[in-house]
>>> print(open('input04.pdb').read())   # PDB, C-alpha atoms, pLDDT in the B column
ATOM      1  CA  MET A   1     -53.226  18.035  30.728  1.00 50.00           C
ATOM      2  CA  LEU A   2     -49.816  16.396  30.347  1.00 46.00           C
ATOM      3  CA  VAL A   3     -49.810  16.048  26.600  1.00 49.00           C
ATOM      4  CA  VAL A   4     -52.250  18.759  25.546  1.00 51.00           C
ATOM      5  CA  LEU A   5     -49.664  21.535  25.241  1.00 45.00           C
ATOM      6  CA  GLY A   6     -47.133  19.337  23.525  1.00 54.00           C
ATOM      7  CA  ILE A   7     -49.599  17.892  21.044  1.00 55.00           C
ATOM      8  CA  ALA A   8     -51.257  21.252  20.394  1.00 52.00           C
ATOM      9  CA  ALA A   9     -47.869  22.738  19.484  1.00 47.00           C
ATOM     10  CA  VAL A  10     -47.204  19.891  17.085  1.00 48.00           C
ATOM     11  CA  VAL A  11     -50.656  20.304  15.517  1.00 47.00           C
ATOM     12  CA  LEU A  12     -50.095  24.013  14.944  1.00 42.00           C
ATOM     13  CA  TRP A  13     -46.664  23.384  13.462  1.00 44.00           C
ATOM     14  CA  TRP A  14     -48.080  20.665  11.241  1.00 47.00           C
ATOM     15  CA  ALA A  15     -50.873  22.895   9.955  1.00 45.00           C
ATOM     16  CA  ALA A  16     -48.612  25.889   9.318  1.00 42.00           C
ATOM     17  CA  SER A  17     -45.798  24.086   7.510  1.00 46.00           C
ATOM     18  CA  ASP A  18     -45.442  22.207   4.239  1.00 48.00           C
ATOM     19  CA  PRO A  19     -44.245  18.614   4.137  1.00 48.00           C
ATOM     20  CA  ALA A  20     -40.576  18.248   3.242  1.00 49.00           C
ATOM     21  CA  GLY A  21     -40.044  17.105  -0.315  1.00 49.00           C
ATOM     22  CA  ARG A  22     -43.279  18.528  -1.665  1.00 47.00           C
ATOM     23  CA  ASN A  23     -41.325  20.068  -4.591  1.00 50.00           C
ATOM     24  CA  GLY A  24     -39.598  16.835  -5.404  1.00 47.00           C
ATOM     25  CA  ASP A  25     -36.580  17.391  -3.142  1.00 50.00           C
ATOM     26  CA  GLY A  26     -37.470  14.607  -0.755  1.00 45.00           C
ATOM     27  CA  PRO A  27     -36.754  10.898  -1.153  1.00 46.00           C
ATOM     28  CA  SER A  28     -38.962   8.892  -3.478  1.00 45.00           C
ATOM     29  CA  PRO A  29     -41.021   6.047  -2.030  1.00 45.00           C
ATOM     30  CA  VAL A  30     -39.716   2.554  -2.626  1.00 44.00           C
ATOM     31  CA  PRO A  31     -41.967   0.710  -5.108  1.00 44.00           C
ATOM     32  CA  GLY A  32     -43.821  -2.143  -3.482  1.00 43.00           C
ATOM     33  CA  ALA A  33     -42.738  -1.205   0.042  1.00 42.00           C
ATOM     34  CA  ALA A  34     -45.414  -1.902   2.641  1.00 43.00           C
ATOM     35  CA  SER A  35     -46.392   0.726   5.216  1.00 44.00           C
ATOM     36  CA  PRO A  36     -45.117  -0.066   8.713  1.00 47.00           C
ATOM     37  CA  VAL A  37     -47.706  -1.192  11.205  1.00 42.00           C
ATOM     38  CA  GLY A  38     -49.459   1.734  12.874  1.00 53.00           C
ATOM     39  CA  THR A  39     -48.760   4.292  10.142  1.00 62.00           C
ATOM     40  CA  VAL A  40     -52.130   4.095   8.391  1.00 76.00           C
ATOM     41  CA  PRO A  41     -54.574   6.848   9.451  1.00 78.00           C
ATOM     42  CA  PRO A  42     -58.136   5.894  10.419  1.00 79.00           C
ATOM     43  CA  GLU A  43     -60.690   5.761   7.619  1.00 78.00           C
ATOM     44  CA  ASP A  44     -63.109   7.961   9.574  1.00 77.00           C
ATOM     45  CA  LEU A  45     -60.626  10.836  10.056  1.00 81.00           C
ATOM     46  CA  PRO A  46     -62.820  13.992  10.074  1.00 75.00           C
ATOM     47  CA  ASP A  47     -62.335  16.802   7.583  1.00 78.00           C
ATOM     48  CA  GLY A  48     -59.698  19.159   8.915  1.00 78.00           C
ATOM     49  CA  GLY A  49     -58.580  16.548  11.423  1.00 83.00           C
ATOM     50  CA  VAL A  50     -54.963  15.657  12.118  1.00 89.00           C
ATOM     51  CA  TRP A  51     -53.790  12.144  12.953  1.00 90.00           C
ATOM     52  CA  PHE A  52     -50.535  11.072  14.609  1.00 88.00           C
ATOM     53  CA  SER A  53     -49.529   7.438  14.782  1.00 89.00           C
ATOM     54  CA  ASP A  54     -47.705   8.196  18.018  1.00 90.00           C
ATOM     55  CA  VAL A  55     -46.751  11.261  20.043  1.00 90.00           C
ATOM     56  CA  SER A  56     -44.227  11.478  22.892  1.00 92.00           C
ATOM     57  CA  LEU A  57     -43.758  14.156  25.515  1.00 91.00           C
ATOM     58  CA  ASP A  58     -41.034  14.518  28.151  1.00 95.00           C
ATOM     59  CA  ALA A  59     -41.314  17.170  30.841  1.00 94.00           C
ATOM     60  CA  GLY A  60     -39.156  17.858  33.873  1.00 95.00           C
ATOM     61  CA  SER A  61     -42.138  19.108  35.901  1.00 93.00           C
ATOM     62  CA  VAL A  62     -45.895  19.340  35.375  1.00 92.00           C
ATOM     63  CA  ALA A  63     -48.223  21.273  37.692  1.00 91.00           C
ATOM     64  CA  ALA A  64     -51.931  20.589  37.216  1.00 83.00           C
ATOM     65  CA  GLY A  65     -54.980  19.802  39.279  1.00 75.00           C
ATOM     66  CA  GLY A  66     -53.402  21.386  42.338  1.00 78.00           C
ATOM     67  CA  SER A  67     -50.621  18.796  42.326  1.00 86.00           C
ATOM     68  CA  LEU A  68     -47.079  18.436  41.007  1.00 93.00           C
ATOM     69  CA  LEU A  69     -45.385  15.676  39.023  1.00 95.00           C
ATOM     70  CA  ARG A  70     -41.706  15.316  38.129  1.00 96.00           C
ATOM     71  CA  ASP A  71     -39.841  13.622  35.278  1.00 96.00           C
ATOM     72  CA  VAL A  72     -42.993  13.030  33.252  1.00 95.00           C
ATOM     73  CA  ARG A  73     -42.902  10.825  30.175  1.00 96.00           C
ATOM     74  CA  ALA A  74     -46.090  10.401  28.149  1.00 95.00           C
ATOM     75  CA  THR A  75     -46.653   8.411  24.959  1.00 94.00           C
ATOM     76  CA  GLY A  76     -49.884   8.542  22.998  1.00 93.00           C
ATOM     77  CA  GLN A  77     -50.841   6.227  20.149  1.00 92.00           C
ATOM     78  CA  ASP A  78     -53.393   6.886  17.411  1.00 90.00           C
ATOM     79  CA  VAL A  79     -53.854  10.509  18.439  1.00 90.00           C
ATOM     80  CA  VAL A  80     -56.583  12.370  16.549  1.00 89.00           C
ATOM     81  CA  SER A  81     -57.298  16.107  16.672  1.00 86.00           C
ATOM     82  CA  GLY A  82     -60.548  17.291  15.138  1.00 84.00           C
ATOM     83  CA  PRO A  83     -63.728  19.313  15.677  1.00 82.00           C
ATOM     84  CA  ASP A  84     -64.614  17.189  18.714  1.00 80.00           C
ATOM     85  CA  GLY A  85     -61.281  17.786  20.419  1.00 86.00           C
ATOM     86  CA  MET A  86     -58.212  15.635  20.796  1.00 89.00           C
ATOM     87  CA  ALA A  87     -58.060  12.018  21.911  1.00 89.00           C
ATOM     88  CA  ALA A  88     -55.598   9.128  22.038  1.00 92.00           C
ATOM     89  CA  ALA A  89     -56.520   5.519  21.433  1.00 91.00           C
ATOM     90  CA  ARG A  90     -53.948   4.630  24.083  1.00 93.00           C
ATOM     91  CA  LEU A  91     -51.940   6.764  26.475  1.00 95.00           C
ATOM     92  CA  ASP A  92     -49.065   5.618  28.685  1.00 96.00           C
ATOM     93  CA  VAL A  93     -47.659   7.915  31.360  1.00 96.00           C
ATOM     94  CA  GLU A  94     -44.758   7.541  33.765  1.00 97.00           C
ATOM     95  CA  ALA A  95     -44.105  10.197  36.385  1.00 96.00           C
ATOM     96  CA  THR A  96     -42.656  10.766  39.827  1.00 97.00           C
ATOM     97  CA  VAL A  97     -44.903  11.952  42.648  1.00 96.00           C
ATOM     98  CA  PRO A  98     -42.608  13.906  45.010  1.00 96.00           C
ATOM     99  CA  PHE A  99     -42.602  12.808  48.631  1.00 97.00           C
ATOM    100  CA  ASP A 100     -43.557  16.285  49.848  1.00 95.00           C
ATOM    101  CA  VAL A 101     -46.765  16.199  47.771  1.00 94.00           C
ATOM    102  CA  VAL A 102     -47.887  13.069  49.617  1.00 95.00           C
ATOM    103  CA  ALA A 103     -46.662  14.391  52.959  1.00 95.00           C
ATOM    104  CA  GLY A 104     -48.727  17.538  52.442  1.00 93.00           C
ATOM    105  CA  GLU A 105     -51.875  15.418  52.300  1.00 91.00           C
ATOM    106  CA  LEU A 106     -51.065  13.841  55.666  1.00 90.00           C
ATOM    107  CA  GLY A 107     -50.462  17.274  57.233  1.00 86.00           C
ATOM    108  CA  ASP A 108     -49.209  17.954  60.765  1.00 81.00           C
ATOM    109  CA  GLY A 109     -45.619  18.319  59.593  1.00 88.00           C
ATOM    110  CA  ALA A 110     -45.443  14.756  58.277  1.00 93.00           C
ATOM    111  CA  VAL A 111     -42.297  13.677  56.457  1.00 96.00           C
ATOM    112  CA  VAL A 112     -42.385  10.969  53.788  1.00 97.00           C
ATOM    113  CA  GLY A 113     -39.301   9.343  52.290  1.00 97.00           C
ATOM    114  CA  ALA A 114     -37.651   6.150  51.120  1.00 97.00           C
ATOM    115  CA  ALA A 115     -36.863   3.549  53.782  1.00 95.00           C
ATOM    116  CA  GLY A 116     -34.809   1.171  51.649  1.00 91.00           C
ATOM    117  CA  GLY A 117     -35.739  -2.259  50.381  1.00 92.00           C
ATOM    118  CA  GLY A 118     -38.574  -0.831  48.295  1.00 92.00           C
ATOM    119  CA  GLU A 119     -40.386   0.517  51.354  1.00 96.00           C
ATOM    120  CA  ALA A 120     -41.527   4.021  52.281  1.00 97.00           C
ATOM    121  CA  ARG A 121     -41.239   5.774  55.625  1.00 96.00           C
ATOM    122  CA  VAL A 122     -43.719   8.145  57.270  1.00 95.00           C
ATOM    123  CA  VAL A 123     -42.684  10.266  60.256  1.00 95.00           C
ATOM    124  CA  ARG A 124     -45.269  12.432  61.960  1.00 91.00           C
ATOM    125  CA  THR A 125     -46.609  13.529  65.328  1.00 88.00           C
ATOM    126  CA  VAL A 126     -49.948  11.991  66.297  1.00 81.00           C
ATOM    127  CA  GLU A 127     -52.214  12.387  69.290  1.00 77.00           C
ATOM    128  CA  ALA A 128     -53.277   9.255  71.112  1.00 67.00           C
ATOM    129  CA  PHE A 129     -54.799   8.871  74.564  1.00 65.00           C
ATOM    130  CA  GLY A 130     -54.287  12.573  75.192  1.00 72.00           C
ATOM    131  CA  ARG A 131     -50.572  12.456  74.483  1.00 74.00           C
ATOM    132  CA  GLU A 132     -48.530  13.568  71.472  1.00 81.00           C
ATOM    133  CA  LEU A 133     -46.273  10.877  70.068  1.00 80.00           C
ATOM    134  CA  ARG A 134     -43.624  11.066  67.388  1.00 86.00           C
ATOM    135  CA  VAL A 135     -44.345   8.073  65.166  1.00 88.00           C
ATOM    136  CA  THR A 136     -42.164   6.433  62.542  1.00 91.00           C
ATOM    137  CA  ALA A 137     -43.943   3.963  60.266  1.00 91.00           C
ATOM    138  CA  THR A 138     -42.610   1.943  57.348  1.00 94.00           C
ATOM    139  CA  GLY A 139     -44.425  -0.130  54.778  1.00 94.00           C
ATOM    140  CA  THR A 140     -44.407  -1.390  51.213  1.00 93.00           C
ATOM    141  CA  VAL A 141     -46.081   0.595  48.460  1.00 95.00           C
ATOM    142  CA  GLU A 142     -48.776  -0.960  46.286  1.00 95.00           C
ATOM    143  CA  VAL A 143     -51.687  -0.155  44.002  1.00 96.00           C
ATOM    144  CA  ALA A 144     -55.141  -0.601  45.530  1.00 95.00           C
ATOM    145  CA  ALA A 145     -58.394   0.524  43.899  1.00 92.00           C
ATOM    146  CA  GLY A 146     -56.453   2.821  41.565  1.00 93.00           C
ATOM    147  CA  ARG A 147     -54.637   4.543  44.406  1.00 94.00           C
ATOM    148  CA  LEU A 148     -51.052   4.680  45.610  1.00 96.00           C
ATOM    149  CA  VAL A 149     -51.199   3.017  49.016  1.00 96.00           C
ATOM    150  CA  VAL A 150     -48.609   2.572  51.744  1.00 95.00           C
ATOM    151  CA  GLU A 151     -49.981   0.621  54.688  1.00 89.00           C
ATOM    152  CA  PRO A 152     -47.633   0.479  57.685  1.00 90.00           C
ATOM    153  CA  ARG A 153     -46.076  -2.903  58.420  1.00 89.00           C
ATOM    154  CA  SER A 154     -44.081  -1.583  61.361  1.00 87.00           C
ATOM    155  CA  ILE A 155     -44.816   1.333  63.678  1.00 85.00           C
ATOM    156  CA  ASP A 156     -42.307   2.709  66.175  1.00 84.00           C
ATOM    157  CA  PHE A 157     -43.002   5.276  68.901  1.00 74.00           C
ATOM    158  CA  GLY A 158     -39.430   5.347  70.215  1.00 64.00           C
ATOM    159  CA  GLY A 159     -40.644   3.954  73.535  1.00 60.00           C
ATOM    160  CA  PRO A 160     -41.226   0.610  75.220  1.00 59.00           C
ATOM    161  CA  GLY A 161     -42.436  -2.185  72.987  1.00 59.00           C
ATOM    162  CA  PHE A 162     -45.663  -2.693  74.927  1.00 55.00           C
ATOM    163  CA  LEU A 163     -46.615   0.934  74.264  1.00 58.00           C
ATOM    164  CA  SER A 164     -46.211   0.481  70.526  1.00 58.00           C
ATOM    165  CA  ASP A 165     -48.276  -2.695  70.559  1.00 63.00           C
ATOM    166  CA  ALA A 166     -51.017  -1.091  72.618  1.00 61.00           C
ATOM    167  CA  THR A 167     -51.445   2.018  70.506  1.00 64.00           C
ATOM    168  CA  ALA A 168     -50.552   0.765  67.000  1.00 66.00           C
ATOM    169  CA  ALA A 169     -54.174   0.114  66.040  1.00 70.00           C
ATOM    170  CA  VAL A 170     -55.168   3.645  67.093  1.00 69.00           C
ATOM    171  CA  VAL A 171     -52.582   5.508  65.043  1.00 75.00           C
ATOM    172  CA  ARG A 172     -52.212   3.130  62.084  1.00 81.00           C
ATOM    173  CA  ARG A 173     -54.762   4.995  60.024  1.00 82.00           C
ATOM    174  CA  LEU A 174     -52.964   8.296  60.737  1.00 82.00           C
ATOM    175  CA  VAL A 175     -49.774   7.075  59.036  1.00 87.00           C
ATOM    176  CA  THR A 176     -51.431   5.172  56.187  1.00 91.00           C
ATOM    177  CA  ILE A 177     -50.955   6.742  52.756  1.00 94.00           C
ATOM    178  CA  GLU A 178     -53.798   6.658  50.214  1.00 95.00           C
ATOM    179  CA  HIS A 179     -52.905   8.969  47.343  1.00 95.00           C
ATOM    180  CA  ASP A 180     -54.779   9.667  44.100  1.00 94.00           C
ATOM    181  CA  VAL A 181     -52.434  10.711  41.285  1.00 93.00           C
ATOM    182  CA  GLU A 182     -53.924  14.022  40.123  1.00 89.00           C
ATOM    183  CA  GLY A 183     -53.401  16.408  37.234  1.00 85.00           C
ATOM    184  CA  LEU A 184     -53.794  13.759  34.513  1.00 89.00           C
ATOM    185  CA  PRO A 185     -56.472  13.232  31.846  1.00 89.00           C
ATOM    186  CA  GLU A 186     -59.461  11.158  32.911  1.00 90.00           C
ATOM    187  CA  GLY A 187     -59.357   7.535  31.887  1.00 92.00           C
ATOM    188  CA  LEU A 188     -55.810   6.825  33.017  1.00 95.00           C
ATOM    189  CA  VAL A 189     -55.506   3.943  35.479  1.00 96.00           C
ATOM    190  CA  LEU A 190     -52.631   3.477  37.909  1.00 97.00           C
ATOM    191  CA  ARG A 191     -50.937   0.171  37.099  1.00 96.00           C
ATOM    192  CA  ASP A 192     -47.650   0.148  38.989  1.00 97.00           C
ATOM    193  CA  VAL A 193     -45.774   2.148  41.607  1.00 97.00           C
ATOM    194  CA  ALA A 194     -42.287   1.955  43.081  1.00 97.00           C
ATOM    195  CA  VAL A 195     -40.337   3.875  45.714  1.00 97.00           C
ATOM    196  CA  ARG A 196     -37.434   5.913  44.384  1.00 96.00           C
ATOM    197  CA  ALA A 197     -34.991   8.225  46.123  1.00 94.00           C
ATOM    198  CA  ASP A 198     -36.942  11.326  45.050  1.00 93.00           C
ATOM    199  CA  GLY A 199     -40.518  10.075  45.257  1.00 97.00           C
ATOM    200  CA  PHE A 200     -43.008   7.488  44.083  1.00 97.00           C
ATOM    201  CA  ARG A 201     -42.528   6.417  40.462  1.00 97.00           C
ATOM    202  CA  VAL A 202     -45.955   5.696  38.983  1.00 97.00           C
ATOM    203  CA  SER A 203     -47.032   4.103  35.703  1.00 97.00           C
ATOM    204  CA  LEU A 204     -50.484   4.718  34.262  1.00 97.00           C
ATOM    205  CA  ARG A 205     -52.300   3.610  31.132  1.00 96.00           C
ATOM    206  CA  GLY A 206     -55.621   4.394  29.543  1.00 95.00           C
ATOM    207  CA  GLU A 207     -57.555   3.733  26.342  1.00 94.00           C
ATOM    208  CA  ASP A 208     -59.685   6.216  24.401  1.00 92.00           C
ATOM    209  CA  VAL A 209     -58.318   9.026  26.565  1.00 93.00           C
ATOM    210  CA  ARG A 210     -59.602  12.511  25.766  1.00 91.00           C
ATOM    211  CA  LEU A 211     -56.738  14.980  25.898  1.00 86.00           C
ATOM    212  CA  ALA A 212     -58.640  18.183  25.133  1.00 74.00           C
ATOM    213  CA  PRO A 213     -62.322  19.127  24.700  1.00 67.00           C
TER     214      PRO A 213
END
>>> encode(input="input04.pdb", output="structure tokens")
Amino acid sequence: MLVVLGIAAVVLWWAASDPAGRNGDGPSPVPGAASPVGTVPPEDLPDGGVWFSDVSLDAGSVAAGGSLLRDVRATGQDVVSGPDGMAAARLDVEATVPFDVVAGELGDGAVVGAAGGGEARVVRTVEAFGRELRVTATGTVEVAAGRLVVEPRSIDFGGPGFLSDATAAVVRRLVTIEHDVEGLPEGLVLRDVAVRADGFRVSLRGEDVRLAP
């Protein structure tokens, strides 16, 4: 969904306009000059198809799949649009997942933010042993099984140390983050994630990614 609108607009513009220099006003090719790598269209380009060696899209915000992404940068290589739809031989995407999107998945008024040192902080109220406790958990962010994961390395209940030790195992799962980055074309795989001041910065890559049916 990220690049469909951008690429579709380029395709329409390409089809409706004439190449510059068609009437001899453009620069003449240099005799004997070789084509740069990646500028040769595929031999099996379908009739009526359009090929782009590379396409880039920058968007401040993208809402799709019931989720929201910020500061999105997508780059597609060997993008082909034809009767069977639109696909990219390779697609790289960087985006920021806002903290409140992840906090909304945890529910119960949870607050997620940066804790410094590359760690994330989760603050929420949990119920344990019949009591409500305000819990603050911090942990490093990593990629596990294609998900954005923050597993607590420290859990604080704001009470005596023995209480935290006794109940940590019970509430650990309630402050563990396991987030699937949504709203992106299928085939993209999460490769890296980092904690920023405004959210989780994610990097994804995929091959033979279908952008539109």
>>> closest_atom_pairs(input="input04.pdb", of="range 72-105 of chain A", to="range 183-187 of chain A", cutoff="10 Å", atoms="all atoms listed in the file", output="CSV")
residue,atom,partner,partner_atom,distance
A:Arg90,CA,A:Gly187,CA,9.9
A:Leu91,CA,A:Gly187,CA,9.2
A:Val93,CA,A:Leu184,CA,9.0
>>> closest_residue(input="input04.pdb", among="A:Ala87, A:Ile177, A:Val209, A:Ala194", to="Gly118 in chain A", atoms="only C-alpha atoms")
A:Ala194
>>> axis_aligned_box(input="input04.pdb", around="range 94-105 of chain A", padding_each_side="3 Å", output="AutoDock Vina command-line options")
--center_x -47.2 --center_y 12.5 --center_z 43.4 --size_x 15.3 --size_y 16.0 --size_z 25.2
>>> resolve_selection(input="input04.pdb", expression="the PyMOL selection byres ((chain A and resi 61) around 8)", output="VMD selection string")
chain A and resid 59 to 60 62 to 63 68 to 72
>>> residues_near_point(input="input04.pdb", point="(-57.5, 14.7, 19.1)", cutoff="10 Å", atoms="all atoms listed in the file", output="list in words")
Val4, Ile7, Ala8, Val11, Gly49, Val50, Trp51, Phe52, Asp78, Val79, Val80, Ser81, Gly82, Pro83, Asp84, Gly85, Met86, Ala87, Ala88, Ala89, Val209, Arg210, Leu211, Ala212 and Pro213 of chain A
>>> resolve_selection(input="input04.pdb", expression="the PyMOL selection byres ((chain A and resi 139-142) around 10)", output="PDB file with C-alpha atoms, in the coordinates of the input")
ATOM      1  CA  ALA A 114     -37.651   6.150  51.120  1.00 97.00           C
ATOM      2  CA  ALA A 115     -36.863   3.549  53.782  1.00 95.00           C
ATOM      3  CA  GLY A 116     -34.809   1.171  51.649  1.00 91.00           C
ATOM      4  CA  GLY A 117     -35.739  -2.259  50.381  1.00 92.00           C
ATOM      5  CA  GLY A 118     -38.574  -0.831  48.295  1.00 92.00           C
ATOM      6  CA  GLU A 119     -40.386   0.517  51.354  1.00 96.00           C
ATOM      7  CA  ALA A 120     -41.527   4.021  52.281  1.00 97.00           C
ATOM      8  CA  ARG A 121     -41.239   5.774  55.625  1.00 96.00           C
ATOM      9  CA  VAL A 122     -43.719   8.145  57.270  1.00 95.00           C
ATOM     10  CA  ALA A 137     -43.943   3.963  60.266  1.00 91.00           C
ATOM     11  CA  THR A 138     -42.610   1.943  57.348  1.00 94.00           C
ATOM     12  CA  VAL A 143     -51.687  -0.155  44.002  1.00 96.00           C
ATOM     13  CA  ALA A 144     -55.141  -0.601  45.530  1.00 95.00           C
ATOM     14  CA  GLY A 146     -56.453   2.821  41.565  1.00 93.00           C
ATOM     15  CA  ARG A 147     -54.637   4.543  44.406  1.00 94.00           C
ATOM     16  CA  LEU A 148     -51.052   4.680  45.610  1.00 96.00           C
ATOM     17  CA  VAL A 149     -51.199   3.017  49.016  1.00 96.00           C
ATOM     18  CA  VAL A 150     -48.609   2.572  51.744  1.00 95.00           C
ATOM     19  CA  GLU A 151     -49.981   0.621  54.688  1.00 89.00           C
ATOM     20  CA  PRO A 152     -47.633   0.479  57.685  1.00 90.00           C
ATOM     21  CA  ARG A 153     -46.076  -2.903  58.420  1.00 89.00           C
ATOM     22  CA  SER A 154     -44.081  -1.583  61.361  1.00 87.00           C
ATOM     23  CA  ILE A 155     -44.816   1.333  63.678  1.00 85.00           C
ATOM     24  CA  VAL A 175     -49.774   7.075  59.036  1.00 87.00           C
ATOM     25  CA  THR A 176     -51.431   5.172  56.187  1.00 91.00           C
ATOM     26  CA  ILE A 177     -50.955   6.742  52.756  1.00 94.00           C
ATOM     27  CA  GLU A 178     -53.798   6.658  50.214  1.00 95.00           C
ATOM     28  CA  ARG A 191     -50.937   0.171  37.099  1.00 96.00           C
ATOM     29  CA  ASP A 192     -47.650   0.148  38.989  1.00 97.00           C
ATOM     30  CA  VAL A 193     -45.774   2.148  41.607  1.00 97.00           C
ATOM     31  CA  ALA A 194     -42.287   1.955  43.081  1.00 97.00           C
ATOM     32  CA  VAL A 195     -40.337   3.875  45.714  1.00 97.00           C
ATOM     33  CA  PHE A 200     -43.008   7.488  44.083  1.00 97.00           C
TER      34      PHE A 200
END
>>> atom_distance(input="input04.pdb", atom1="CA of Thr96 in chain A", atom2="CA of Ala64 in chain A")
13.8 Å
>>> decode(input="input04.pdb", residues="range 66-73 of chain A", atoms="all heavy atoms", output="PDB file, in the first residue's frame")
ATOM      1  N   GLY A  66      -5.300  -0.613   9.290  1.00  0.00           N
ATOM      2  CA  GLY A  66      -5.693  -0.308  10.656  1.00  0.00           C
ATOM      3  C   GLY A  66      -4.556   0.208  11.515  1.00  0.00           C
ATOM      4  O   GLY A  66      -4.690   0.304  12.735  1.00  0.00           O
ATOM      5  N   SER A  67      -3.420   0.539  10.893  1.00  0.00           N
ATOM      6  CA  SER A  67      -2.273   1.020  11.648  1.00  0.00           C
ATOM      7  C   SER A  67      -1.772   2.319  11.038  1.00  0.00           C
ATOM      8  O   SER A  67      -2.269   2.774  10.006  1.00  0.00           O
ATOM      9  CB  SER A  67      -1.158  -0.032  11.659  1.00  0.00           C
ATOM     10  OG  SER A  67      -0.105   0.358  12.515  1.00  0.00           O
ATOM     11  N   LEU A  68      -0.759   2.917  11.674  1.00  0.00           N
ATOM     12  CA  LEU A  68      -0.224   4.189  11.226  1.00  0.00           C
ATOM     13  C   LEU A  68       1.296   4.141  11.248  1.00  0.00           C
ATOM     14  O   LEU A  68       1.905   3.652  12.205  1.00  0.00           O
ATOM     15  CB  LEU A  68      -0.714   5.326  12.129  1.00  0.00           C
ATOM     16  CG  LEU A  68      -0.188   6.732  11.814  1.00  0.00           C
ATOM     17  CD1 LEU A  68      -0.762   7.218  10.479  1.00  0.00           C
ATOM     18  CD2 LEU A  68      -0.544   7.700  12.936  1.00  0.00           C
ATOM     19  N   LEU A  69       1.909   4.652  10.186  1.00  0.00           N
ATOM     20  CA  LEU A  69       3.359   4.754  10.098  1.00  0.00           C
ATOM     21  C   LEU A  69       3.731   6.197   9.817  1.00  0.00           C
ATOM     22  O   LEU A  69       3.003   6.911   9.129  1.00  0.00           O
ATOM     23  CB  LEU A  69       3.910   3.843   8.989  1.00  0.00           C
ATOM     24  CG  LEU A  69       3.646   2.340   9.136  1.00  0.00           C
ATOM     25  CD1 LEU A  69       4.109   1.604   7.884  1.00  0.00           C
ATOM     26  CD2 LEU A  69       4.336   1.788  10.373  1.00  0.00           C
ATOM     27  N   ARG A  70       4.880   6.624  10.317  1.00  0.00           N
ATOM     28  CA  ARG A  70       5.367   7.983  10.116  1.00  0.00           C
ATOM     29  C   ARG A  70       6.692   7.962   9.370  1.00  0.00           C
ATOM     30  O   ARG A  70       7.432   6.975   9.431  1.00  0.00           O
ATOM     31  CB  ARG A  70       5.573   8.685  11.474  1.00  0.00           C
ATOM     32  CG  ARG A  70       4.348   8.755  12.359  1.00  0.00           C
ATOM     33  CD  ARG A  70       3.363   9.816  11.910  1.00  0.00           C
ATOM     34  NE  ARG A  70       2.326  10.058  12.921  1.00  0.00           N
ATOM     35  CZ  ARG A  70       1.246  10.778  12.707  1.00  0.00           C
ATOM     36  NH1 ARG A  70       1.048  11.353  11.528  1.00  0.00           N
ATOM     37  NH2 ARG A  70       0.348  10.951  13.663  1.00  0.00           N
ATOM     38  N   ASP A  71       6.986   9.090   8.704  1.00  0.00           N
ATOM     39  CA  ASP A  71       8.272   9.291   8.036  1.00  0.00           C
ATOM     40  C   ASP A  71       8.645   8.055   7.221  1.00  0.00           C
ATOM     41  O   ASP A  71       9.687   7.428   7.443  1.00  0.00           O
ATOM     42  CB  ASP A  71       9.353   9.610   9.072  1.00  0.00           C
ATOM     43  CG  ASP A  71      10.658  10.031   8.416  1.00  0.00           C
ATOM     44  OD1 ASP A  71      10.645  10.408   7.230  1.00  0.00           O
ATOM     45  OD2 ASP A  71      11.710   9.964   9.090  1.00  0.00           O
ATOM     46  N   VAL A  72       7.813   7.731   6.258  1.00  0.00           N
ATOM     47  CA  VAL A  72       7.987   6.519   5.463  1.00  0.00           C
ATOM     48  C   VAL A  72       8.847   6.809   4.237  1.00  0.00           C
ATOM     49  O   VAL A  72       8.616   7.792   3.521  1.00  0.00           O
ATOM     50  CB  VAL A  72       6.620   5.962   5.011  1.00  0.00           C
ATOM     51  CG1 VAL A  72       6.802   4.698   4.183  1.00  0.00           C
ATOM     52  CG2 VAL A  72       5.745   5.687   6.228  1.00  0.00           C
ATOM     53  N   ARG A  73       9.824   5.962   4.016  1.00  0.00           N
ATOM     54  CA  ARG A  73      10.680   6.060   2.840  1.00  0.00           C
ATOM     55  C   ARG A  73      10.742   4.683   2.188  1.00  0.00           C
ATOM     56  O   ARG A  73      11.198   3.715   2.798  1.00  0.00           O
ATOM     57  CB  ARG A  73      12.086   6.522   3.219  1.00  0.00           C
ATOM     58  CG  ARG A  73      12.110   7.899   3.863  1.00  0.00           C
ATOM     59  CD  ARG A  73      13.509   8.331   4.248  1.00  0.00           C
ATOM     60  NE  ARG A  73      13.511   9.648   4.870  1.00  0.00           N
ATOM     61  CZ  ARG A  73      14.605  10.253   5.323  1.00  0.00           C
ATOM     62  NH1 ARG A  73      15.778   9.653   5.226  1.00  0.00           N
ATOM     63  NH2 ARG A  73      14.513  11.448   5.872  1.00  0.00           N
TER      64      ARG A  73
END
